[in-house]
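Enquirer: I'd like to ask some things about the structure below.
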Amino acid sequence: MTCRFDKSLRLLNAQDYQSVFDNSTVKVSCAEFLFLAQQNQLDHPRLGLVIAKKNVRLAVQRNRLKRIIRETFRQEQSRLPAIDVIVLARRGADSLENPELHRQFQQLWRQLDKRAKKRLGLSEE
RNA sequence: UGAGUCAGCUGGACGGCCGCUCGGCUUUUGCUGGGAGGAAAGUCCGGGCUCCAUAGGGUAAAGCGCCAGGUAACGCCUGGGAGGCGAGAGCCUACGGAAAGUGCAACAGAGAGUAUACCGCCGAACUCGAGUUUAUCUUGGGUGGUAAGGGUGAAAUGGUGCGGUAAGAGCGCACCGCGCAGCUGGCAACAGUCUGUGGCGAUGGUAAACCCCGCUUGGAGCAAGGCCAAAUAGGAAUCCUUUGCUGCGACCCGCAGUGGAUUCGGGUAGGCUGCUUGAGGCUUGCGGUGACGCAGGUCCCAGAUGAAUGGUCGUCCACGACAGAACCCGGCUUAUAGGCUGACUCUUUUU
RNA sequence: CGGGGCGUAGCGCAGUCUGGUAGCGCACCACACUGGGGGUGUGGGGGUCGCAGGUUCGAAUCCUGCCGUUCCGA
């Protein structure tokens, strides 16, 4: 079980991002975040982040959210199927404290895993 | 003891486990070292660097504006002057010119800029009456005189006193204030218990109104620029010529390219580079009131690129503010929990 | 990285260049017309002029610094 997080586990350019935005098959959302996902041809999941300046004003808060999201992804990655995921932050996301973020993301990653597996299972049939 | 002024520092600490990024050594598995700020922010100024022409001339436009110095440069800093505020330590100031010209001042007020006569004061001079004691007399008015007093306003053109006068007035004098010239001190701004001179309706205010004077400013920005280069399209370099067009995004001049001939390479997506050794930090000595400069020694201290510098657990305490590098520096401005240091002032009490 | 616009009554806007009285429409309140509502008419209330300094006798207006919002270019 790996817990690393290097460049192979991230979306690296605009094409990767655009592809997920155009063809997202799995969605999970809550009040402060939105997950978009698409199946990829690799043997591991990849993560991309969109934390808009419009929704989170301060750079410090944007950095904090990214770190927490990456950290939870790093811990959960072995459970996830081979998908490209983009996490978008909504307005008010910066008002959540670190422990609350950890609790929410644990739930959200599991939800995403369940839905993705269900969707991929159906498409395979 | 309390209140305050100025200058400066700090911006949670330690340990375990799991990560991220860059460098070095290993070599495909690790080891080891570095890893946000005083404002990294706002982008308000000034530079470096790069390209446009080598950055040229003129006009326009914009900015700055006491003096001297510091600096790569500045609208910054230091020292000094002047004015203002405060009991004081201290603090604040876009602080050139109103005797080049134009403009503006609501309401109120008689009058607001070649100032002004509403109330008031005067009746000397000239003049029209009345009275009589016929006088160089008394009295009423007019032509007027007056800037003392009242009143209006943000602002009404020196102040106080004495003389003077019909009443008054720098009309005259004394003192104070002001202007001009000289002298002295100072590099200068400027200053003076200095000298002379001007009666002072000369010369009101406003230039963050136009303006005048002096000084400064070419344009763009690391998505600058350079290199390697799919697809697609047909062009690019060298020589010759000059109308229009483009570079050139204030305008004109000026300069270069496009147009024709000859010779073969150019370039978007993407990648690499620019990318961190620098007007650098620390320290010692010397010069300077100081900003700062000079000399010696020593150190290498983030360099990401969907974008690293973190998460979690434990212990401790004052329970942690504002806040995240993106080419790099010098400033300015704004945000900032708490803690610490030094110098100074005032007040109270004691000696 | 660079450049512009806007902020005035609950809402949408004038006024700012050229400084002295803050105004218009809708909405709101009262009254009249109507049996009542709607509609029309008359009258009325409501403003830290985004914030803080400065210039001026006087600032929504001029100058400086902040805050918010929105747009454009590379």
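Starting from 1 in every chain, residues are counted up; chains themselves are A, B, ... following the order of the structure tokens, and ligands are numbered from 1 as listed.
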Looking only at the backbone, which of the residues in chain A does DSSP tag as strand (DSSP E or B), as a ChimeraX atom specification?

Expert: /A:10,26-29,33-39,46-50,83-89

Enquirer: Can you tell me which residues surround C11 (chain C) at a distance of at most 12 Å, considering only C-alpha atoms (C1' of nucleotides), apart from same-chain residues fewer than 5 positions away, and format the answer as a ChimeraX atom specification?

Expert: /C:25-27

Enquirer: Take the residues from that selection and write them out as a short mmCIF file (atom, residue, chain, number, x, y, z; two decimals), in the first residue's frame, keeping C-alpha atoms (C1' of nucleotides).

Expert:
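Printed below is result08.cif as written:
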data_model
loop_
_atom_site.label_atom_id
_atom_site.label_comp_id
_atom_site.auth_asym_id
_atom_site.auth_seq_id
_atom_site.Cartn_x
_atom_site.Cartn_y
_atom_site.Cartn_z
"C1'" G C 25 -38.32 58.18 -11.84
"C1'" C C 26 -40.19 53.80 -9.37
"C1'" A C 27 -41.24 52.28 -4.38
#

Enquirer: Please list as a list in words every residue within 9 Å of G79 (chain B), counting only C-alpha atoms (C1' of nucleotides) and excluding residues in the same chain fewer than 5 positions away.

Expert: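 The contact residues come out as A68, G69, U289, G290 and A291 of chain B.
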
Enquirer: The selected residues should be written to file as a tab-separated table (two decimals), in the first residue's frame (atoms: C-alpha atoms (C1' of nucleotides)).

Expert:
chain	number	residue	atom	x	y	z
B	68	A	C1'	22.33	71.40	1.33
B	69	G	C1'	23.82	66.47	1.20
B	289	U	C1'	26.46	65.41	13.26
B	290	G	C1'	23.72	61.87	10.13
B	291	A	C1'	21.67	59.35	5.73

Enquirer: Neighbouring residues of Ile86 (chain A) were defined as those with any atom within 8 Å, considering only C-alpha atoms (C1' of nucleotides); residues of the same chain fewer than 4 positions away were excluded. Please report them as a ChimeraX atom specification.

Expert: /A:17,20,35-37,47-50

Enquirer: Tell me, in Å to one decimal, how far C1' of C173 (chain B) is from C1' of G196 (chain B).

Expert: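 Computing it gives 19.4 Å between the two atoms.
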